[in-house]
file coords_3.txt (compact mmCIF, C-alpha atoms)
# COMPACT_ATOMS: atom_id res chain seq x y z
CA MET T 1 4.45 -27.88 10.96
CA ARG T 2 2.21 -30.88 10.35
CA VAL T 3 -1.31 -29.84 9.36
CA LEU T 4 -4.38 -32.04 9.01
CA LEU T 5 -6.89 -30.50 6.60
CA LEU T 6 -10.51 -31.67 6.71
CA GLY T 7 -12.64 -30.96 3.64
CA ALA T 8 -9.72 -30.35 1.27
CA ASN T 9 -11.88 -31.06 -1.78
CA GLY T 10 -14.57 -28.49 -1.00
CA TYR T 11 -14.96 -24.99 -2.43
CA LEU T 12 -12.89 -23.30 0.29
CA GLY T 13 -10.81 -26.35 1.17
CA ARG T 14 -9.19 -26.53 -2.27
CA PHE T 15 -7.78 -23.03 -1.94
CA VAL T 16 -6.70 -23.60 1.65
CA ALA T 17 -4.84 -26.72 0.50
CA ASP T 18 -3.11 -24.77 -2.30
CA ARG T 19 -2.07 -22.07 0.16
CA LEU T 20 -0.66 -24.55 2.66
CA LEU T 21 1.14 -26.58 0.00
CA ALA T 22 2.91 -23.39 -1.09
CA ASP T 23 4.42 -23.07 2.41
CA PRO T 24 7.58 -25.23 2.57
CA ALA T 25 7.30 -25.32 6.37
CA VAL T 26 3.95 -27.15 6.22
CA GLN T 27 3.57 -30.90 5.95
CA LEU T 28 -0.05 -31.38 4.81
CA THR T 29 -2.31 -34.38 5.21
CA ALA T 30 -5.81 -34.23 3.69
CA LEU T 31 -8.68 -36.17 5.22
CA GLY T 32 -12.03 -36.42 3.44
CA ARG T 33 -14.71 -38.54 1.83
CA GLY T 34 -13.27 -38.45 -1.71
CA ASP T 35 -10.92 -40.96 -3.30
CA ASP T 36 -8.23 -38.30 -3.76
CA ALA T 37 -7.95 -37.60 -0.02
CA ASP T 38 -4.83 -38.90 1.70
CA VAL T 39 -7.11 -40.62 4.19
CA ARG T 40 -10.80 -41.39 3.65
CA PHE T 41 -13.04 -40.58 6.58
CA ASP T 42 -16.64 -39.39 6.82
CA LEU T 43 -16.88 -36.91 9.69
CA ALA T 44 -20.68 -37.01 9.73
CA ASN T 45 -20.79 -40.79 10.23
CA GLY T 46 -17.40 -41.73 11.62
CA SER T 47 -16.73 -42.28 15.29
CA PRO T 48 -14.62 -39.97 17.48
CA GLY T 49 -12.62 -43.00 18.55
CA ALA T 50 -11.52 -43.82 15.01
CA LEU T 51 -10.53 -40.22 14.38
CA THR T 52 -8.66 -40.11 17.70
CA ARG T 53 -6.55 -43.11 16.68
CA PHE T 54 -5.69 -41.38 13.42
CA LEU T 55 -4.76 -38.14 15.22
CA ASP T 56 -2.50 -40.04 17.61
CA ALA T 57 -0.78 -41.73 14.64
CA VAL T 58 -0.30 -38.56 12.53
CA HIS T 59 0.18 -36.17 15.48
CA PRO T 60 -0.68 -32.90 13.69
CA GLY T 61 0.10 -29.54 15.27
CA VAL T 62 -2.91 -27.92 13.59
CA VAL T 63 -6.26 -29.29 12.43
CA ILE T 64 -8.16 -27.13 9.92
CA ASN T 65 -11.82 -27.96 9.33
CA CYS T 66 -13.17 -26.75 5.98
CA ALA T 67 -15.69 -29.60 5.73
CA GLY T 68 -19.43 -29.01 5.75
CA ALA T 69 -22.56 -28.55 3.66
CA THR T 70 -24.25 -25.36 2.44
CA ARG T 71 -27.36 -26.93 0.94
CA GLY T 72 -29.85 -29.62 1.85
CA GLY T 73 -32.51 -30.20 4.46
CA ALA T 74 -32.10 -29.34 8.11
CA ARG T 75 -31.22 -32.92 9.00
CA ASP T 76 -28.38 -33.10 6.47
CA LEU T 77 -27.08 -29.68 7.47
CA VAL T 78 -26.95 -30.69 11.12
CA ARG T 79 -25.16 -33.94 10.27
CA HIS T 80 -22.48 -32.33 8.13
CA ASN T 81 -22.09 -29.01 9.93
CA THR T 82 -22.76 -29.81 13.59
CA ILE T 83 -22.38 -33.52 14.32
CA ALA T 84 -19.20 -33.63 12.23
CA VAL T 85 -17.69 -30.81 14.29
CA ALA T 86 -18.73 -32.55 17.52
CA THR T 87 -16.78 -35.58 16.28
CA VAL T 88 -13.70 -33.46 15.57
CA CYS T 89 -13.81 -31.75 18.98
CA GLU T 90 -14.29 -35.00 20.88
CA ALA T 91 -11.46 -36.70 18.95
CA LEU T 92 -9.11 -33.80 19.68
CA ARG T 93 -10.02 -33.89 23.38
CA ARG T 94 -9.26 -37.61 23.54
CA SER T 95 -6.06 -37.39 21.51
CA GLY T 96 -2.67 -36.69 22.95
CA CYS T 97 -1.60 -34.62 19.93
CA GLY T 98 -2.59 -31.27 21.50
CA ALA T 99 -3.40 -29.83 18.06
CA ARG T 100 -4.77 -26.35 17.50
CA LEU T 101 -8.18 -26.28 15.75
CA VAL T 102 -9.06 -23.76 13.02
CA GLN T 103 -12.78 -24.05 12.29
CA LEU T 104 -14.43 -22.35 9.32
CA GLY T 105 -17.71 -20.76 10.34
CA CYS T 106 -19.84 -18.38 8.30
CA GLY T 107 -21.45 -14.95 8.37
CA ALA T 108 -24.89 -16.61 8.21
CA GLU T 109 -24.46 -17.41 11.91
CA TYR T 110 -25.23 -13.76 12.67
CA GLY T 111 -28.50 -13.61 10.76
CA PRO T 112 -30.12 -10.33 9.63
CA SER T 113 -28.40 -7.08 10.61
CA GLN T 114 -29.30 -3.41 10.51
CA PRO T 115 -28.68 -1.79 7.09
CA GLY T 116 -25.60 0.39 7.21
CA SER T 117 -24.08 -1.45 10.19
CA SER T 118 -20.92 -3.52 10.40
CA THR T 119 -21.26 -6.77 12.33
CA SER T 120 -18.55 -7.37 14.90
CA GLU T 121 -17.70 -10.60 16.68
CA ASP T 122 -19.53 -9.58 19.85
CA ALA T 123 -22.88 -9.28 18.03
CA VAL T 124 -25.55 -11.67 19.31
CA PRO T 125 -26.02 -14.36 16.64
CA ARG T 126 -29.60 -14.78 15.40
CA PRO T 127 -29.38 -17.02 12.33
CA GLY T 128 -32.38 -16.80 10.02
CA GLY T 129 -32.27 -20.28 8.53
CA PRO T 130 -31.22 -23.90 9.17
CA TYR T 131 -27.80 -23.45 7.56
CA GLY T 132 -26.86 -20.61 9.91
CA VAL T 133 -28.28 -22.51 12.89
CA SER T 134 -26.21 -25.62 12.07
CA LYS T 135 -23.03 -23.56 11.70
CA LEU T 136 -23.69 -21.57 14.88
CA ALA T 137 -24.17 -24.81 16.82
CA ALA T 138 -20.79 -25.96 15.50
CA THR T 139 -19.17 -22.71 16.60
CA GLU T 140 -20.61 -23.08 20.10
CA LEU T 141 -19.26 -26.64 20.27
CA VAL T 142 -15.78 -25.42 19.33
CA LEU T 143 -15.82 -22.47 21.74
CA GLY T 144 -17.02 -24.68 24.59
CA SER T 145 -14.60 -27.53 23.89
CA GLY T 146 -11.69 -26.22 25.94
CA LEU T 147 -9.41 -26.69 22.93
CA ASP T 148 -6.89 -24.23 21.55
CA ALA T 149 -9.29 -23.12 18.82
CA VAL T 150 -10.32 -20.24 16.60
CA VAL T 151 -13.46 -19.93 14.45
CA LEU T 152 -13.19 -17.88 11.26
CA ARG T 153 -16.62 -16.53 10.34
CA VAL T 154 -16.34 -16.22 6.56
CA PHE T 155 -18.90 -13.90 5.02
CA SER T 156 -19.76 -14.31 1.29
CA PRO T 157 -16.89 -16.07 -0.52
CA ALA T 158 -16.42 -15.32 -4.21
CA GLY T 159 -13.87 -15.93 -6.95
CA PRO T 160 -12.70 -18.97 -8.91
CA GLY T 161 -14.58 -22.14 -8.17
CA THR T 162 -17.73 -20.30 -7.10
CA PRO T 163 -20.54 -22.91 -7.23
CA ALA T 164 -22.88 -22.48 -10.20
CA GLY T 165 -25.85 -22.68 -7.80
CA SER T 166 -24.70 -19.73 -5.67
CA PRO T 167 -26.14 -16.25 -6.33
CA LEU T 168 -23.02 -14.99 -8.13
CA GLY T 169 -22.71 -18.29 -9.98
CA ARG T 170 -26.34 -18.09 -11.09
CA LEU T 171 -25.83 -14.50 -12.16
CA ALA T 172 -22.84 -15.43 -14.32
CA GLU T 173 -24.73 -18.36 -15.84
CA ALA T 174 -27.76 -16.17 -16.67
CA MET T 175 -25.45 -13.67 -18.38
CA ARG T 176 -23.67 -16.41 -20.32
CA ARG T 177 -26.98 -17.75 -21.61
CA ALA T 178 -28.15 -14.25 -22.58
CA MET T 179 -24.96 -13.61 -24.54
CA GLN T 180 -25.12 -17.01 -26.18
CA ALA T 181 -28.71 -16.37 -27.27
CA GLY T 182 -27.98 -12.81 -28.37
CA ASP T 183 -30.49 -11.35 -25.92
CA GLY T 184 -30.29 -7.58 -25.68
CA GLU T 185 -31.71 -7.51 -22.18
CA LEU T 186 -31.34 -9.60 -19.05
CA LYS T 187 -34.14 -9.70 -16.51
CA LEU T 188 -33.05 -10.51 -12.97
CA GLY T 189 -34.61 -10.47 -9.54
CA GLY T 190 -33.34 -10.08 -5.98
CA LEU T 191 -30.62 -7.58 -6.93
CA GLY T 192 -31.24 -5.21 -4.02
CA VAL T 193 -29.58 -7.54 -1.49
CA GLN T 194 -26.22 -6.33 -0.18
CA ARG T 195 -23.49 -8.72 0.90
CA ASP T 196 -19.87 -8.60 2.02
CA PHE T 197 -17.99 -10.55 -0.67
CA VAL T 198 -14.49 -11.84 0.08
CA ASP T 199 -12.29 -13.69 -2.40
CA VAL T 200 -11.64 -17.37 -1.66
CA ARG T 201 -7.88 -16.83 -2.02
CA ASP T 202 -8.03 -14.18 0.68
CA VAL T 203 -9.99 -16.64 2.83
CA ALA T 204 -7.18 -19.18 2.33
CA ARG T 205 -4.65 -16.56 3.44
CA ALA T 206 -6.71 -15.93 6.57
CA VAL T 207 -6.83 -19.65 7.38
CA HIS T 208 -3.06 -19.90 6.95
CA ALA T 209 -2.55 -16.88 9.22
CA ALA T 210 -4.93 -18.29 11.83
CA SER T 211 -3.10 -21.61 11.91
CA LEU T 212 0.14 -19.78 12.78
CA SER T 213 -1.40 -17.36 15.28
CA ALA T 214 -2.40 -17.68 18.92
CA ALA T 215 -5.82 -16.10 18.28
CA GLN T 216 -8.80 -17.78 19.90
CA GLY T 217 -12.54 -17.23 19.81
CA VAL T 218 -14.33 -15.84 16.75
CA VAL T 219 -12.72 -13.78 13.98
CA ASN T 220 -14.69 -12.28 11.07
CA ILE T 221 -13.30 -12.74 7.56
CA GLY T 222 -14.78 -10.41 4.97
CA SER T 223 -13.99 -7.37 2.87
CA GLY T 224 -15.58 -4.95 5.32
CA ARG T 225 -17.77 -3.53 2.55
CA ALA T 226 -21.31 -4.46 1.58
CA VAL T 227 -22.02 -4.54 -2.18
CA LYS T 228 -25.42 -4.64 -3.85
CA LEU T 229 -25.95 -7.67 -6.06
CA ARG T 230 -27.18 -5.12 -8.64
CA ASP T 231 -23.76 -3.45 -8.62
CA ALA T 232 -22.03 -6.83 -8.83
CA ALA T 233 -24.17 -7.60 -11.89
CA ALA T 234 -23.06 -4.34 -13.53
CA VAL T 235 -19.39 -5.16 -12.89
CA LEU T 236 -19.89 -8.68 -14.23
CA ALA T 237 -21.52 -7.29 -17.39
CA ARG T 238 -18.51 -5.01 -17.90
CA VAL T 239 -15.89 -7.75 -17.48
CA ALA T 240 -17.97 -10.10 -19.66
CA GLY T 241 -18.42 -7.52 -22.38
CA TYR T 242 -22.20 -7.79 -22.20
CA GLY T 243 -23.68 -4.68 -23.78
CA GLY T 244 -27.34 -5.47 -23.13
CA ALA T 245 -29.62 -3.85 -20.58
CA LEU T 246 -30.03 -5.22 -17.06
CA HIS T 247 -33.64 -5.06 -15.87
CA GLU T 248 -34.55 -5.83 -12.28
CA LEU T 249 -37.81 -7.70 -11.75
CA ASP T 250 -40.09 -6.75 -8.90
CA GLY T 251 -40.22 -9.02 -5.85
CA GLY T 252 -43.76 -10.32 -6.02
CA GLY T 253 -43.55 -13.91 -7.03
CA ARG T 254 -40.86 -13.30 -9.67
CA PRO T 255 -37.74 -15.44 -9.98
CA SER T 256 -34.70 -14.26 -8.05
CA ILE T 257 -31.00 -14.79 -8.54
CA GLY T 258 -30.57 -15.45 -4.87
CA HIS T 259 -33.63 -17.55 -4.17
CA PRO T 260 -34.86 -19.94 -6.89
CA ARG T 261 -38.62 -19.85 -7.24
CA THR T 262 -41.13 -22.05 -9.01
CA GLU T 263 -44.00 -20.82 -11.15
CA SER T 264 -46.39 -21.80 -8.38
CA ASP T 265 -44.74 -19.40 -5.91
CA THR T 266 -46.78 -16.25 -5.50
CA ALA T 267 -45.63 -14.74 -2.19
CA PRO T 268 -42.33 -12.82 -2.08
CA ALA T 269 -39.50 -14.59 -0.26
CA ALA T 270 -38.83 -13.43 3.29
CA TYR T 271 -35.11 -13.55 2.52
CA PRO T 272 -34.33 -13.16 -1.19
CA TYR T 273 -30.76 -14.36 -0.64
CA PRO T 274 -30.69 -17.98 0.60
CA ASP T 275 -28.58 -17.49 3.73
CA GLY T 276 -31.27 -16.13 6.07
CA CYS T 277 -29.46 -12.81 6.51
CA GLY T 278 -32.04 -10.43 5.07
CA SER T 279 -31.16 -7.51 2.83
CA TRP T 280 -27.85 -6.41 4.35
CA GLN T 281 -24.66 -7.89 5.73
CA GLN T 282 -21.27 -6.28 6.26
CA ALA T 283 -18.40 -7.55 8.39
CA ASP T 284 -16.36 -5.62 10.89
CA VAL T 285 -12.91 -7.04 10.09
CA ARG T 286 -10.77 -5.13 12.59
CA THR T 287 -10.18 -8.25 14.71
CA ALA T 288 -8.70 -10.10 11.72
CA ARG T 289 -6.38 -7.16 11.10
CA ASP T 290 -5.31 -6.85 14.73
CA ARG T 291 -5.02 -10.51 15.72
CA LEU T 292 -4.12 -12.24 12.45
CA GLY T 293 -2.34 -9.44 10.61
CA TRP T 294 -4.75 -10.12 7.74
CA ARG T 295 -6.39 -7.80 5.24
CA PRO T 296 -8.23 -8.68 2.03
CA ARG T 297 -6.14 -8.07 -1.09
CA ILE T 298 -8.31 -9.14 -4.04
CA ASN T 299 -11.08 -6.78 -5.12
CA LEU T 300 -14.53 -7.86 -6.22
CA GLU T 301 -13.89 -7.04 -9.88
CA GLU T 302 -11.06 -9.57 -10.00
CA SER T 303 -13.21 -12.16 -8.22
CA LEU T 304 -16.04 -11.59 -10.70
CA ALA T 305 -13.66 -11.79 -13.66
CA ASP T 306 -12.59 -15.24 -12.48
CA ILE T 307 -16.21 -16.31 -11.98
CA TRP T 308 -16.99 -15.13 -15.50
CA MET T 309 -13.99 -16.90 -17.00
CA GLU T 310 -15.24 -20.21 -15.64
CA ALA T 311 -18.85 -19.56 -16.65
CA ALA T 312 -17.84 -18.55 -20.19
CA CYS T 313 -15.94 -21.81 -20.65
CA ARG T 314 -18.95 -23.86 -19.57
CA ILE T 315 -20.75 -25.69 -22.37

call {"tool": "encode", "arguments": {"input": "coords_3.txt", "output": "structure tokens"}}
result
Amino acid sequence: MRVLLLGANGYLGRFVADRLLADPAVQLTALGRGDDADVRFDLANGSPGALTRFLDAVHPGVVINCAGATRGGARDLVRHNTIAVATVCEALRRSGCGARLVQLGCGAEYGPSQPGSSTSEDAVPRPGGPYGVSKLAATELVLGSGLDAVVLRVFSPAGPGTPAGSPLGRLAEAMRRAMQAGDGELKLGGLGVQRDFVDVRDVARAVHAASLSAAQGVVNIGSGRAVKLRDAAAVLARVAGYGGALHELDGGGRPSIGHPRTESDTAPAAYPYPDGCGSWQQADVRTARDRLGWRPRINLEESLADIWMEAACRI
């Protein structure tokens, strides 16, 4: 099976590439903006015609799109998350390769949900920020393209390679600094938020399974269990061997793990976690089980141990 992977150098893309390279039946070609890509191409600025010519030359059976941006202004998010996907869809429609498209979406497309609930694929998306809006627009483009396509809505990825600027990455960095300085207490904010964390290696397994399946539409990829950031901090302290006290700051104008604040900020953030999903998010993952034969295998403690290992080695 010839697979074209877009965004192979990104956080999720690296693990998807490793998973596909481990399959002897897969012949992988990586397309991206970096020098180490097999083919250099900027999806946000390149033309559908140029990508079509490449597709016709390579003739992949599956195209996997892990490319995109999680941070930046609304304009950049739309360019990298929406316009880029429009380019991919148009190129696939024009091409004669007939490739299947596996698009990586995100749980932020759903927006805030009711505490205690599990969000299924038939929930009405109401993204609470520009990132979720840009990803939802991409999903709608894929679903309306007429292509053989599936969108994997990945909830909160965790594990090795977690960006230092993400909430779990910031948490690990704060703990590393406290241990380095010998601080007996660590003051943190925004720990009441609950998210559905799923290990990046499990996400890569889901992408692999989706590329081999006939599933179409939207499929949630998560653990199926919401975890408080406060509880994640306690687990991280245990795996790190941090014996100090964890103190949660109140919300009024104090710094938060999930939402960086400046000293001039005085009003509490509407969404303390920077994905626009409010205080709670938990995936209903039955569709992934039934249609992809996929279940998460790696627990949060292992994911956090890997995050800590990388943070502890940081100078």

call {"tool": "residues_around", "arguments": {"input": "coords_3.txt", "residues": "range 20-22 of chain T", "least_positions_apart": "6", "cutoff": "12 Å", "atoms": "all atoms listed in the file", "output": "JSON, numbers by chain"}}
result
{"T": [1, 2, 3, 4, 5, 8, 13, 14, 28, 29, 30, 62, 64, 201, 204, 205, 206, 207, 208, 209, 210, 211, 212]}

call {"tool": "closest_atom_pairs", "arguments": {"input": "coords_3.txt", "of": "range 202-248 of chain T", "to": "range 273-282 of chain T", "cutoff": "12 Å", "atoms": "all atoms listed in the file", "output": "JSON lines"}}
result
{"residue": "T:Asn220", "atom": "CA", "partner": "T:Gln282", "partner_atom": "CA", "distance": 10.1}
{"residue": "T:Ile221", "atom": "CA", "partner": "T:Gln282", "partner_atom": "CA", "distance": 10.3}
{"residue": "T:Gly222", "atom": "CA", "partner": "T:Gln282", "partner_atom": "CA", "distance": 7.8}
{"residue": "T:Ser223", "atom": "CA", "partner": "T:Gln282", "partner_atom": "CA", "distance": 8.1}
{"residue": "T:Gly224", "atom": "CA", "partner": "T:Gln282", "partner_atom": "CA", "distance": 5.9}
{"residue": "T:Arg225", "atom": "CA", "partner": "T:Gln282", "partner_atom": "CA", "distance": 5.8}
{"residue": "T:Ala226", "atom": "CA", "partner": "T:Gln282", "partner_atom": "CA", "distance": 5.0}
{"residue": "T:Val227", "atom": "CA", "partner": "T:Gln282", "partner_atom": "CA", "distance": 8.7}
{"residue": "T:Lys228", "atom": "CA", "partner": "T:Trp280", "partner_atom": "CA", "distance": 8.7}
{"residue": "T:Leu229", "atom": "CA", "partner": "T:Tyr273", "partner_atom": "CA", "distance": 9.9}

call {"tool": "residues_around", "arguments": {"input": "coords_3.txt", "residues": "Val39 in chain T", "least_positions_apart": "3", "cutoff": "10 Å", "atoms": "only C-alpha atoms", "output": "PDB file with C-alpha atoms, in the frame of the given file"}}
result
ATOM      1  CA  LEU T   6     -10.510 -31.670   6.710  1.00  0.00           C
ATOM      2  CA  THR T  29      -2.310 -34.380   5.210  1.00  0.00           C
ATOM      3  CA  ALA T  30      -5.810 -34.230   3.690  1.00  0.00           C
ATOM      4  CA  LEU T  31      -8.680 -36.170   5.220  1.00  0.00           C
ATOM      5  CA  GLY T  32     -12.030 -36.420   3.440  1.00  0.00           C
ATOM      6  CA  ARG T  33     -14.710 -38.540   1.830  1.00  0.00           C
ATOM      7  CA  GLY T  34     -13.270 -38.450  -1.710  1.00  0.00           C
ATOM      8  CA  ASP T  35     -10.920 -40.960  -3.300  1.00  0.00           C
ATOM      9  CA  ASP T  36      -8.230 -38.300  -3.760  1.00  0.00           C
ATOM     10  CA  ASP T  42     -16.640 -39.390   6.820  1.00  0.00           C
ATOM     11  CA  PHE T  54      -5.690 -41.380  13.420  1.00  0.00           C
TER      12      PHE T  54
END

call {"tool": "atom_distance", "arguments": {"input": "coords_3.txt", "atom1": "CA of Arg126 in chain T", "atom2": "CA of Gln103 in chain T"}}
result
19.5 Å

call {"tool": "atom_distance", "arguments": {"input": "coords_3.txt", "atom1": "CA of Asp306 in chain T", "atom2": "CA of Gly184 in chain T"}}
result
23.4 Å

call {"tool": "atom_distance", "arguments": {"input": "coords_3.txt", "atom1": "CA of Ser47 in chain T", "atom2": "CA of Gly105 in chain T"}}
result
22.1 Å

call {"tool": "residues_near_point", "arguments": {"input": "coords_3.txt", "point": "(-6.0, -18.9, 22.3)", "cutoff": "8 Å", "atoms": "only C-alpha atoms", "output": "list in words"}}
result
Asp148, Ala149, Val150, Ala214, Ala215, Gln216 and Gly217 of chain T

call {"tool": "closest_residue", "arguments": {"input": "coords_3.txt", "among": "T:Ala232, T:Val219, T:Ile298, T:Met175", "to": "Ala245 in chain T", "atoms": "all atoms listed in the file"}}
result
T:Met175

call {"tool": "residues_near_point", "arguments": {"input": "coords_3.txt", "point": "(-27.5, -30.4, 7.1)", "cutoff": "12 Å", "atoms": "all atoms listed in the file", "output": "list of chain:residue names"}}
result
T:Ala44, T:Ala67, T:Gly68, T:Ala69, T:Thr70, T:Arg71, T:Gly72, T:Gly73, T:Ala74, T:Arg75, T:Asp76, T:Leu77, T:Val78, T:Arg79, T:His80, T:Asn81, T:Thr82, T:Ile83, T:Ala84, T:Gly129, T:Pro130, T:Tyr131, T:Gly132, T:Val133, T:Ser134, T:Lys135, T:Ala137, T:Ala138

call {"tool": "closest_residue", "arguments": {"input": "coords_3.txt", "among": "T:Ala240, T:Cys89, T:Val102, T:Val198", "to": "Thr162 in chain T", "atoms": "only C-alpha atoms"}}
result
T:Val198

call {"tool": "closest_residue", "arguments": {"input": "coords_3.txt", "among": "T:Asn65, T:Glu140, T:Ala237, T:Ala17", "to": "Glu185 in chain T", "atoms": "only C-alpha atoms"}}
result
T:Ala237

call {"tool": "closest_residue", "arguments": {"input": "coords_3.txt", "among": "T:Ala99, T:Val285, T:Val85, T:Ala25", "to": "Leu55 in chain T", "atoms": "all atoms listed in the file"}}
result
T:Ala99

call {"tool": "closest_residue", "arguments": {"input": "coords_3.txt", "among": "T:Val218, T:Ala37, T:Ala311, T:Val26", "to": "Met179 in chain T", "atoms": "all atoms listed in the file"}}
result
T:Ala311

call {"tool": "closest_residue", "arguments": {"input": "coords_3.txt", "among": "T:Ser213, T:Ser156, T:Thr139, T:Ser303", "to": "Ala86 in chain T", "atoms": "only C-alpha atoms"}}
result
T:Thr139
